[in-house]
Amino acid sequence: MSLCRDKVNVLFVCLGNICRSPMAEAVFAAMVRQKNLQDRFGVIDSAGTAAYHVGETPDSRSAATCKKHNVPVNHHARKVHKSDYNRFDYILCMDTSNLSDLKAMAPAGTTAVIQLFGDFDPNGERIIQDPYYGGREGFEHNFQQVTRASEGFLKSLRML
Ligand code: 4NP
């Protein structure tokens, strides 16, 4: 994967990389395309802090929620790697556990911005809760959150 330094590279992170972060990646990438901002971004990717599901495609409930909203998803789970801290400008995670794990793993001198994706939610719902052991409504709620946060993030970059 080649990275372009004049473009913004964004990594979305959750625990397993099968529910929330592949959804965030897909929703954000779709919004970037819809708003014709593809030239402004390099790599948009996602990863997990844990390795339980490495290689798996997204959870069927996450994929179904994206499909329902006509957002294409194409991802295989992977774990966050130390090199991600140099490769990505923004590492945006879902909950405070992801945030502390990411900070603990961060190599000295990383310039990546490591932050809760929900910080960009104009509704102020900062935590994107783990939906894994809950019902489908949790995935729909996650979808609404990542949609609002995607738009908020683009506004914070002054691209909207
Ligand atoms: P995610 O959800 O972090 O949004 O991908 C989870 C997926 C799997 C597990 C927990 C959360 N798990 O315990 O296997």
# chains A, B, ... in the order shown; residues from 1 in each chain; ligands from 1
>>> residues_near_ligand(ligand="ligand 1", cutoff="10 Å", atoms="only C-alpha atoms and all ligand atoms", output="PyMOL selection string")
chain A and resi 13-24+47-53+58-59+62+77+93-95+98+128-133+139+142
>>> residues_around(residues="A:Asp89", least_positions_apart="5", cutoff="12 Å", atoms="only C-alpha atoms", output="VMD selection string")
chain A and resid 3 to 12 41 to 45 83 to 84 110 to 115 157
>>> atom_distance(atom1="atom CA of A:Phe153", atom2="atom CA of A:Asp39")
16.3 Å
>>> select_by_dssp(residues="chain A", states="alpha helix (DSSP H)", output="VMD selection string")
chain A and resid 20 to 34 60 to 68 84 to 87 96 to 105 136 to 156
>>> closest_residue(among="A:Arg136, A:Arg148, A:Lys82, A:His141", to="A:Arg61", atoms="only C-alpha atoms")
A:Arg136
